[in-house]
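K.L.:
Let me give you the structure first, and then I'll get to my questions.
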Amino acid sequence: MNKRTRFSEFLEYYMKCSELRVDKTTFAGYKSIVKIHLMPAFGNMRIGSIDSFTVQNFVFQLTDKGLSSKSIKNILSLLRAVMSKAVKMSLINNNPCQCVDLPSSSHRETDCYNLYEVTQLIKSLSALSDSELKYKVAIELALLCGWRKSEICGLDWECVDLVNKTARVKKKRVLVPGQGLIEGKPKTPNSYRVSVLPSVLYDDLVILQLRSEKTSPGSPVISSGEGAPIYPQVLARWFYRFLIKNNLRVISLHKLRHTYASMLASLNVDIKQVSECLGHAQTSTTLDIYVHLFQNKNYEIADKLTELLYKNDDIKEK
């Protein structure tokens, strides 16, 4: 290979290398980006002819198509990794992705339930039939522990410790088109975490375990009637129908994770601990998503300082 090697040929080589080091779900995401974006844009080009101007125009095209800043960032992240490999192999001198400008992330407030809506949700969950207990547990894991739906579907009984009242995120299960339901590592190393079970969730898990036919290691907690793992999309559809049936405001299942973060912020839990509970790789990630929640605390701090310094007549010299 050299700088005249076609991008498609080198990309095929890169993907073979990637398959050896990343988990199945990550690799499936790579394949999707390659098929939909990278191959149509760069496939027939010589790898040495791809410069920063070419990549910047590619970003402009993605933006014009209406892709979100997060999607564009993910696409460029893979392209950057491919070209970095080419640099290391001395096929090109510089990575053309280094000088490219990406669209700024929009700090939109995350839509979640307020406290009243949460209480109404809990009331509706409490009225579910015994046959729907698994769904109740799934929703409680999102609402009371902040778990992602892929983590909920990836929970096996071996990761539930009813003695110490904890549940451990060890893996995820996701649906990959053409491959079905596959298991993989959690989203980030920090996603490996242990959640303490609130009493209502603990009680429901005890009952669910007693009623489940399969509770051996490797058996999913949230399963189908045959004991097989449930698909994340099935869980999301059930939640949608549940909200409609109970006249609750429709939000996605993932928004319960945002609701959990909002409740922690209202309880004055510090940002570092919130980040740990959510399994974020960095505190900055938590702030990027939930900045509006913690900005509200700045007003509280200002009010408390005013109260301390200007409205306190009991301050005495020490």
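Chain labels follow the order of the structure tokens: the first chain is A, the next B, and so on; residue numbering restarts at 1 in every chain, and ligands are counted from 1 in their shown order.
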DSSP on the backbone, alpha helix (DSSP H) only: what residues of region 33-212 of chain A does that give? Format it as an MDAnalysis selection string.

P.N.:
chainID A and resid 33 39:42 52:64 69:88 115:126 133:145 149:153 199:211

K.L.:
Find the residues near Val234 (chain A): any atom within 12 Å, counting only C-alpha atoms, skip ones fewer than 4 places away on the same chain, and give them as an mmCIF file with N, CA and C atoms, in the first residue's frame.

P.N.:
data_model
loop_
_atom_site.group_PDB
_atom_site.id
_atom_site.type_symbol
_atom_site.label_atom_id
_atom_site.label_comp_id
_atom_site.auth_asym_id
_atom_site.auth_seq_id
_atom_site.Cartn_x
_atom_site.Cartn_y
_atom_site.Cartn_z
ATOM 1 N N TYR A 135 -41.887 -5.585 33.239
ATOM 2 C CA TYR A 135 -41.850 -4.247 32.645
ATOM 3 C C TYR A 135 -41.750 -3.187 33.738
ATOM 4 N N ALA A 138 -38.214 -3.031 34.757
ATOM 5 C CA ALA A 138 -37.419 -2.371 33.718
ATOM 6 C C ALA A 138 -37.547 -0.850 33.805
ATOM 7 N N LYS A 149 -31.547 1.625 28.272
ATOM 8 C CA LYS A 149 -32.374 0.446 27.970
ATOM 9 C C LYS A 149 -31.522 -0.739 27.527
ATOM 10 N N SER A 150 -30.382 -0.485 26.893
ATOM 11 C CA SER A 150 -29.492 -1.586 26.500
ATOM 12 C C SER A 150 -28.889 -2.253 27.732
ATOM 13 N N CYS A 153 -31.731 -4.386 29.367
ATOM 14 C CA CYS A 153 -31.906 -5.641 28.634
ATOM 15 C C CYS A 153 -30.698 -6.563 28.814
ATOM 16 N N VAL A 174 -28.106 -5.163 22.435
ATOM 17 C CA VAL A 174 -28.675 -4.248 21.446
ATOM 18 C C VAL A 174 -29.072 -5.028 20.205
ATOM 19 N N LEU A 175 -30.032 -4.462 19.479
ATOM 20 C CA LEU A 175 -30.470 -5.066 18.224
ATOM 21 C C LEU A 175 -29.681 -4.460 17.080
ATOM 22 N N LEU A 181 -30.203 -9.738 18.031
ATOM 23 C CA LEU A 181 -29.833 -9.227 19.350
ATOM 24 C C LEU A 181 -28.444 -9.729 19.716
ATOM 25 N N ILE A 222 -34.982 -9.324 32.584
ATOM 26 C CA ILE A 222 -36.127 -8.899 31.769
ATOM 27 C C ILE A 222 -36.162 -9.802 30.541
ATOM 28 N N SER A 223 -37.059 -10.773 30.556
ATOM 29 C CA SER A 223 -37.042 -11.798 29.509
ATOM 30 C C SER A 223 -38.405 -11.951 28.851
ATOM 31 N N SER A 224 -38.407 -12.661 27.744
ATOM 32 C CA SER A 224 -39.647 -12.995 27.054
ATOM 33 C C SER A 224 -40.310 -14.166 27.781
ATOM 34 N N PRO A 229 -33.733 -13.211 26.209
ATOM 35 C CA PRO A 229 -33.610 -11.762 26.450
ATOM 36 C C PRO A 229 -34.631 -10.984 25.632
ATOM 37 N N ILE A 230 -35.134 -9.920 26.201
ATOM 38 C CA ILE A 230 -36.099 -9.083 25.508
ATOM 39 C C ILE A 230 -35.363 -8.045 24.672
ATOM 40 N N TRP A 238 -43.448 -1.081 24.496
ATOM 41 C CA TRP A 238 -44.343 -1.332 25.625
ATOM 42 C C TRP A 238 -44.505 -0.053 26.447
ATOM 43 N N PHE A 239 -43.424 0.659 26.683
ATOM 44 C CA PHE A 239 -43.462 1.881 27.477
ATOM 45 C C PHE A 239 -44.329 2.933 26.797
ATOM 46 N N TYR A 240 -44.214 3.049 25.482
ATOM 47 C CA TYR A 240 -45.028 4.011 24.729
ATOM 48 C C TYR A 240 -46.511 3.701 24.894
ATOM 49 N N ARG A 241 -46.888 2.432 24.710
ATOM 50 C CA ARG A 241 -48.299 2.043 24.843
ATOM 51 C C ARG A 241 -48.793 2.235 26.279
ATOM 52 N N LEU A 253 -38.237 6.189 26.548
ATOM 53 C CA LEU A 253 -37.740 5.471 27.715
ATOM 54 C C LEU A 253 -36.422 6.068 28.191
#

K.L.:
Compare A:Lys16, A:Lys165, A:Lys134, A:Arg193 by their minimum atom-to-atom distance to Gly227 (chain A), counting only C-alpha atoms, and give me the closest one.

P.N.:
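Nearest to Gly227 (chain A): A:Lys134.
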
K.L.:
I'd like the neighbourhood of region 86-94 of chain A as a ChimeraX atom specification, where a residue qualifies if any of its atoms comes within 12 Å (using only C-alpha atoms), though same-chain residues fewer than 5 positions away should be ignored.

P.N.:
/A:1-7,9-11,13-14,46-52,79-81,99

K.L.:
Closest to Leu144 (chain A) among A:Lys123, A:Lys65, A:Arg257, A:Lys187, using only C-alpha atoms?

P.N.:
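Nearest candidate to Leu144 (chain A) out of A:Lys123, A:Lys65, A:Arg257, A:Lys187: A:Arg257.
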
K.L.:
Need to verify the contact set: Val34 (chain A), 10 Å, only C-alpha atoms, exclusion of same-chain residues closer than 4 positions in sequence. Can you return it as a list in words?

P.N.:
Ser8, Leu11, Glu12, Met15, Ala28, Gly29, Tyr30, Leu38, Met39, Pro40, Ala41, Phe42, Gly43, Ile75, Leu78 and Leu79 of chain A

K.L.:
For CA of Asn190 (chain A) and CA of Glu276 (chain A), determine how far apart the two atoms are, in Å to one decimal place.

P.N.:
7.4 Å

K.L.:
Which of region 30-208 of chain A counts as strand (DSSP E or B) under DSSP, as a count of residues only please?

P.N.:
22

K.L.:
Would you kindly return, as a short mmCIF file (atom, residue, chain, number, x, y, z; two decimals) with N, CA, C and O atoms, in the first residue's frame, each protein, DNA or RNA residue with an atom no farther than 12 Å from any atom of Thr63 (chain A), considering only C-alpha atoms and excluding same-chain residues fewer than 4 positions away?

P.N.:
data_model
loop_
_atom_site.label_atom_id
_atom_site.label_comp_id
_atom_site.auth_asym_id
_atom_site.auth_seq_id
_atom_site.Cartn_x
_atom_site.Cartn_y
_atom_site.Cartn_z
N GLN A 56 -13.50 18.86 4.98
CA GLN A 56 -14.35 19.97 5.42
C GLN A 56 -15.61 20.06 4.57
O GLN A 56 -16.72 20.28 5.08
N ASN A 57 -15.46 19.88 3.26
CA ASN A 57 -16.63 19.88 2.37
C ASN A 57 -17.56 18.72 2.70
O ASN A 57 -18.79 18.84 2.59
N PHE A 58 -16.98 17.61 3.08
CA PHE A 58 -17.76 16.44 3.50
C PHE A 58 -18.62 16.80 4.72
O PHE A 58 -19.80 16.45 4.80
N VAL A 59 -18.02 17.52 5.67
CA VAL A 59 -18.76 17.97 6.86
C VAL A 59 -19.89 18.92 6.46
O VAL A 59 -21.01 18.82 6.99
N LEU A 67 -28.01 16.26 9.48
CA LEU A 67 -27.51 15.39 10.55
C LEU A 67 -27.19 16.21 11.79
O LEU A 67 -26.76 17.35 11.69
N SER A 68 -27.38 15.61 12.94
CA SER A 68 -27.10 16.30 14.20
C SER A 68 -25.60 16.44 14.39
O SER A 68 -24.80 15.72 13.79
N SER A 69 -25.22 17.38 15.24
CA SER A 69 -23.79 17.59 15.51
C SER A 69 -23.16 16.34 16.12
O SER A 69 -22.00 16.02 15.84
N LYS A 70 -23.94 15.60 16.90
CA LYS A 70 -23.43 14.37 17.51
C LYS A 70 -23.16 13.31 16.45
O LYS A 70 -22.13 12.63 16.47
N SER A 71 -24.08 13.17 15.49
CA SER A 71 -23.89 12.19 14.41
C SER A 71 -22.67 12.53 13.56
O SER A 71 -21.88 11.65 13.21
N ILE A 72 -22.52 13.81 13.24
CA ILE A 72 -21.37 14.24 12.44
C ILE A 72 -20.07 13.99 13.20
O ILE A 72 -19.07 13.54 12.63
N LYS A 73 -20.09 14.23 14.50
CA LYS A 73 -18.91 13.99 15.32
C LYS A 73 -18.53 12.51 15.31
O LYS A 73 -17.35 12.16 15.22
N ILE A 75 -19.21 10.30 12.93
CA ILE A 75 -18.72 9.95 11.59
C ILE A 75 -17.27 10.40 11.43
O ILE A 75 -16.42 9.64 10.94
N ASP A 101 -13.31 21.86 10.98
CA ASP A 101 -14.25 22.43 11.95
C ASP A 101 -15.56 21.66 11.92
O ASP A 101 -16.10 21.36 10.84
N LEU A 102 -16.07 21.34 13.09
CA LEU A 102 -17.34 20.62 13.22
C LEU A 102 -18.41 21.56 13.74
O LEU A 102 -18.12 22.52 14.44
N PRO A 103 -19.67 21.28 13.42
CA PRO A 103 -20.75 22.12 13.96
C PRO A 103 -20.79 22.04 15.48
O PRO A 103 -20.53 20.97 16.06
N SER A 104 -21.05 23.15 16.11
CA SER A 104 -21.07 23.18 17.58
C SER A 104 -22.27 22.41 18.11
O SER A 104 -23.31 22.34 17.47
#

K.L.:
With a distance cut-off of 10 Å and only C-alpha atoms, select the neighbouring residues of Val118 (chain A), excluding the residue or stretch itself and same-chain residues fewer than 2 positions from it, and output the selection as a list of chain:residue names.

P.N.:
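With the cut-off at 10 Å, the set is A:Cys112, A:Tyr113, A:Asn114, A:Leu115, A:Tyr116, A:Gln120, A:Leu121, A:Ile122, A:Lys123, A:Ser124, A:Leu143, A:Leu248, A:Leu256, A:Thr259, A:Tyr260, A:Met263.
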
K.L.:
My list of candidates is A:Leu267, A:Glu151, A:Phe242, A:Val137. Which is closest to Val206 (chain A) when distances are computed with only C-alpha atoms?

P.N.:
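Among the listed residues, the smallest separation from Val206 (chain A) belongs to A:Val137.
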
K.L.:
Go through A:Leu128, A:Leu201, A:Leu76, A:Ala261 and flag the residue nearest Ile33 (chain A), using only C-alpha atoms for the distances.

P.N.:
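The closest residue to Ile33 (chain A) is A:Leu76.
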